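Have a look at the structure below before the remarks.
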2 protein chains.
Amino acid sequence: MARPREFDIEDALEKAMNVFWERGYEEASMPDLLDGMGLSRGSLYKAFTDKKTLFLKSLENYDQHIVCDAAASLSAPPTSTGPNGWDRIIGLFENVADAWDAGDRRGCLLCSAAVGPASYDAEIADAVSQGLMKLRHAFAAALGEHGEKYADMLVMQYIGLRVLCRSHVAPNVVHNGVKSLYVLRDL
Amino acid sequence: MARPREFDIEDALEKAMNVFWERGYEEASMPDLLDGMGLSRGSLYKAFTDKKTLFLKSLENYDQHIVCDAAASLSAPPTSTGPNGWDRIIGLFENVADAWDAGDRRGCLLCSAAVGPASYDAEIADAVSQGLMKLRHAFAAALGEHGEKYADMLVMQYIGLRVLCRSHVAPNVVHNGVKSLYVLRDL
DNA sequence: AGGGTAAGGAACCAAATAGTTCCAAACACG
DNA sequence: CGTGTTTGGAACTATTTGGTTCCTTACCCT
């Protein structure tokens, strides 16, 4: 009945998310997004309405892929062989440091949005808050009965580390940040 | 020998800092700054060259006032009557929470700059990094001999809390974040 | 008093911004 | 094999961006 869409909408969204992740919401211009997604203005606006809804969809995509993966690695049922509790949490932080070593300076899309557009847009703030709370519950779940005591602290540490990863701080700051968590594990 | 400047340059810088603090670097437009500083384009550009140098000066001003105050409250010589060590640190975090209760949603200029312009501008990144390291040393100083063990962790927690303050998270998240520090004090 | 100098501010500028319009190309369906 | 519909994309628009120019006004110094 009509001409079919020539691009995969999931794929385009994934690419948009990566542009936002790297540049941030305000700093990502439409040409940046168009270029990164590999399609033209008409197609983009027809499929995603406008920049803000594209960003909200990107946040959703980030939540479903990145955040859920992290949460799953934390809150999966305990195993007898693999890491549990604090080791899982530290593993997550070490993954962040490893990505930093590999040259990843993107930080966390949620954390960047928190200081940026979430400060003046309620819808974005809700999505950010929701993602961070998902992470909080995963921390709590990983630690079992003592989880609630540390969950909020770990969220702050996670955000702090991710922010440090995005700015050009000295190399050892990120690593020292992760290592400082050993203190908590070894209590 | 010439017409004297009609505005106080320190005062104007303070106002500029507040605009950047509230809106962020990119989101603060020149009209926003002009309006907040109460002067016109010609005067501003003559006194501060351009937006970026105005921001660098604002960061410097933030460092000299806000960061130095915080650092001083942490690393002053121990007293027999007032709070010391962990109590000083927790006091700093509680001040942040109090500001939040009073409606302050600005977060921390350093932390906002870290995820924003510091990600693509080396000069800004240097200034941000320098400010954060000043805070790190103050944390370490407050704790004395065990300071190095916790300093990096505290910096991450401070950044995380400030980021949460800027986004519109649920009211109890900020308070729980501060309370979670009691665990460290009571080790 | 008056000349040299710099401040203040309106008008201006080019570039970039997000968003819209319109039309030809391309495919599904009868 | 057309016909109708929707895509993709170029061209366009209005607004806002940071930054400059230039002229009037105001002041200090001799």
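Residues are referred to by chain and number: the chain letter is A, B, ... according to the order shown in the structure tokens, the number counts from 1 in that chain, and ligands are numbered separately from 1 in the order shown.
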Assign secondary structure with DSSP using the backbone only, and return the residues of range 10-180 of chain A in helix (DSSP H, G or I) as JSON, numbers by chain.
{"A": [10, 11, 12, 13, 14, 15, 16, 17, 18, 19, 20, 21, 22, 23, 30, 31, 32, 33, 34, 35, 36, 37, 41, 42, 43, 44, 45, 46, 47, 48, 51, 52, 53, 54, 55, 56, 57, 58, 59, 60, 61, 62, 63, 64, 65, 66, 67, 68, 69, 70, 71, 72, 73, 74, 75, 86, 87, 88, 89, 90, 91, 92, 93, 94, 95, 96, 97, 98, 99, 100, 101, 109, 110, 111, 112, 113, 114, 115, 117, 118, 119, 122, 123, 124, 125, 126, 127, 128, 129, 130, 131, 132, 133, 134, 135, 136, 137, 138, 139, 140, 141, 142, 143, 144, 145, 146, 147, 148, 149, 150, 151, 152, 153, 154, 155, 156, 157, 158, 159, 160, 161, 162, 163, 164, 165, 166, 171, 172, 173, 174, 175, 176, 177, 178, 179]}
Listing only residues of chain D within 10 Å of chain B, what is the closest atom pair and its distance in Å (to one decimal) for each, using only C-alpha atoms (C1' of nucleotides), sorted by chain and residue number ascending, as JSON lines?
{"residue": "D:DT16", "atom": "C1'", "partner": "B:Ser29", "partner_atom": "CA", "distance": 9.5}
{"residue": "D:DT17", "atom": "C1'", "partner": "B:Ser29", "partner_atom": "CA", "distance": 7.9}
{"residue": "D:DG18", "atom": "C1'", "partner": "B:Met30", "partner_atom": "CA", "distance": 7.3}
{"residue": "D:DG19", "atom": "C1'", "partner": "B:Asp50", "partner_atom": "CA", "distance": 8.0}
{"residue": "D:DT20", "atom": "C1'", "partner": "B:Gly42", "partner_atom": "CA", "distance": 9.2}
{"residue": "D:DT21", "atom": "C1'", "partner": "B:Gly42", "partner_atom": "CA", "distance": 10.0}
{"residue": "D:DT25", "atom": "C1'", "partner": "B:Arg3", "partner_atom": "CA", "distance": 9.6}
{"residue": "D:DA26", "atom": "C1'", "partner": "B:Arg3", "partner_atom": "CA", "distance": 6.0}
{"residue": "D:DC27", "atom": "C1'", "partner": "B:Arg3", "partner_atom": "CA", "distance": 4.2}
{"residue": "D:DC28", "atom": "C1'", "partner": "B:Met1", "partner_atom": "CA", "distance": 4.1}
{"residue": "D:DC29", "atom": "C1'", "partner": "B:Met1", "partner_atom": "CA", "distance": 5.4}
{"residue": "D:DT30", "atom": "C1'", "partner": "B:Met1", "partner_atom": "CA", "distance": 9.7}
For chain A, work out the contacting residues on chain C at 7 Å, counting only C-alpha atoms (C1' of nucleotides), and write them as a VMD selection string.
chain C and resid 26 to 29
Long-range neighbours of Ile9 in chain B as a PyMOL selection string, 12 Å cut-off, only C-alpha atoms (C1' of nucleotides), 2 positions minimum in chain
chain B and resi 4-7+11-16+37-39+43-44+46-48+54+57-58+61
Show me which bits of chain A are within 8 Å of chain B, counting only C-alpha atoms, as a PyMOL selection string.
chain A and resi 24+26-27+105+107+111-112+114-116+118-119+122+125-126+129+149-150+152-153+155-161+163-164+166-170+173+176-178+180-181+183
Selection to disk with N, CA and C atoms, as a short mmCIF file (atom, residue, chain, number, x, y, z; two decimals), in the first residue's frame:
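Output file part.cif is given in full below:
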data_model
loop_
_atom_site.label_atom_id
_atom_site.label_comp_id
_atom_site.auth_asym_id
_atom_site.auth_seq_id
_atom_site.Cartn_x
_atom_site.Cartn_y
_atom_site.Cartn_z
N GLY A 24 26.28 14.55 24.33
CA GLY A 24 25.33 15.17 25.25
C GLY A 24 24.13 15.70 24.48
N GLU A 26 22.29 18.75 24.45
CA GLU A 26 22.35 20.07 23.83
C GLU A 26 23.45 20.16 22.78
N GLU A 27 24.55 19.53 23.08
CA GLU A 27 25.72 19.64 22.21
C GLU A 27 25.56 18.83 20.92
N ARG A 105 35.44 7.83 26.76
CA ARG A 105 35.28 9.04 27.57
C ARG A 105 33.83 9.50 27.57
N GLY A 107 31.32 8.52 29.50
CA GLY A 107 30.63 8.57 30.78
C GLY A 107 29.34 7.79 30.72
N CYS A 111 23.80 10.05 33.67
CA CYS A 111 24.46 11.04 34.51
C CYS A 111 24.64 12.36 33.78
N SER A 112 24.97 12.29 32.50
CA SER A 112 25.12 13.51 31.71
C SER A 112 23.79 14.22 31.56
N ALA A 114 21.42 14.07 33.64
CA ALA A 114 21.01 14.57 34.96
C ALA A 114 21.47 16.00 35.18
N VAL A 115 22.70 16.31 34.81
CA VAL A 115 23.18 17.68 35.00
C VAL A 115 22.75 18.59 33.86
N GLY A 116 22.40 18.01 32.70
CA GLY A 116 22.00 18.80 31.55
C GLY A 116 20.50 19.00 31.48
N ALA A 118 17.88 17.35 32.23
CA ALA A 118 17.00 16.97 33.33
C ALA A 118 16.81 18.12 34.31
N SER A 119 17.71 19.09 34.26
CA SER A 119 17.60 20.21 35.20
C SER A 119 16.50 21.19 34.81
N ALA A 122 11.01 18.21 32.85
CA ALA A 122 10.47 17.22 33.79
C ALA A 122 10.42 15.82 33.20
N ALA A 125 13.84 14.43 33.25
CA ALA A 125 14.19 14.18 34.64
C ALA A 125 13.56 12.89 35.15
N ASP A 126 12.32 12.64 34.77
CA ASP A 126 11.65 11.42 35.20
C ASP A 126 12.37 10.18 34.66
N SER A 129 15.70 9.76 36.47
CA SER A 129 15.46 9.31 37.84
C SER A 129 15.09 7.82 37.87
N LYS A 149 21.41 -0.41 53.24
CA LYS A 149 22.35 0.44 53.96
C LYS A 149 23.37 1.10 53.02
N TYR A 150 23.70 0.38 51.94
CA TYR A 150 24.77 0.86 51.06
C TYR A 150 24.27 1.36 49.70
N ASP A 152 22.29 3.71 48.40
CA ASP A 152 22.38 5.12 48.02
C ASP A 152 23.81 5.59 47.89
N MET A 153 24.65 5.07 48.77
CA MET A 153 26.06 5.41 48.71
C MET A 153 26.67 4.93 47.39
N VAL A 155 25.14 4.38 44.55
CA VAL A 155 24.64 5.17 43.43
C VAL A 155 25.46 6.45 43.29
N MET A 156 25.71 7.10 44.42
CA MET A 156 26.52 8.32 44.37
C MET A 156 27.91 8.03 43.82
N GLN A 157 28.49 6.93 44.27
CA GLN A 157 29.84 6.58 43.80
C GLN A 157 29.84 6.27 42.31
N TYR A 158 28.79 5.57 41.88
CA TYR A 158 28.70 5.24 40.46
C TYR A 158 28.61 6.52 39.62
N ILE A 159 27.72 7.41 40.01
CA ILE A 159 27.57 8.67 39.28
C ILE A 159 28.89 9.44 39.30
N GLY A 160 29.50 9.54 40.47
CA GLY A 160 30.76 10.26 40.58
C GLY A 160 31.82 9.70 39.67
N LEU A 161 31.94 8.39 39.64
CA LEU A 161 32.95 7.77 38.79
C LEU A 161 32.69 8.05 37.32
N VAL A 163 31.07 10.54 36.02
CA VAL A 163 31.34 11.96 35.73
C VAL A 163 32.84 12.16 35.56
N LEU A 164 33.62 11.55 36.44
CA LEU A 164 35.08 11.65 36.32
C LEU A 164 35.56 11.07 35.00
N ARG A 166 34.08 11.17 32.21
CA ARG A 166 33.76 12.05 31.09
C ARG A 166 34.69 13.26 31.02
N SER A 167 35.09 13.75 32.16
CA SER A 167 36.02 14.89 32.15
C SER A 167 37.44 14.36 31.99
N HIS A 168 38.33 15.24 31.59
CA HIS A 168 39.71 14.79 31.34
C HIS A 168 40.54 14.85 32.61
N VAL A 169 40.23 13.99 33.56
CA VAL A 169 41.01 13.98 34.79
C VAL A 169 42.27 13.13 34.62
N ALA A 170 43.16 13.21 35.60
CA ALA A 170 44.39 12.42 35.55
C ALA A 170 44.05 10.94 35.52
N VAL A 173 43.11 8.92 38.76
CA VAL A 173 41.93 9.28 39.55
C VAL A 173 40.82 8.24 39.39
N ASN A 176 41.97 4.96 41.14
CA ASN A 176 41.92 5.11 42.59
C ASN A 176 40.48 5.09 43.08
N GLY A 177 39.61 5.69 42.29
CA GLY A 177 38.20 5.70 42.67
C GLY A 177 37.64 4.30 42.79
N VAL A 178 37.98 3.47 41.82
CA VAL A 178 37.49 2.08 41.86
C VAL A 178 38.13 1.33 43.03
N SER A 180 39.16 2.39 45.77
CA SER A 180 38.69 2.82 47.09
C SER A 180 37.49 1.98 47.54
N LEU A 181 36.85 1.30 46.60
CA LEU A 181 35.70 0.46 46.97
C LEU A 181 36.13 -0.81 47.70
N VAL A 183 37.81 -1.01 50.21
CA VAL A 183 37.63 -0.75 51.63
C VAL A 183 36.27 -1.25 52.10
#
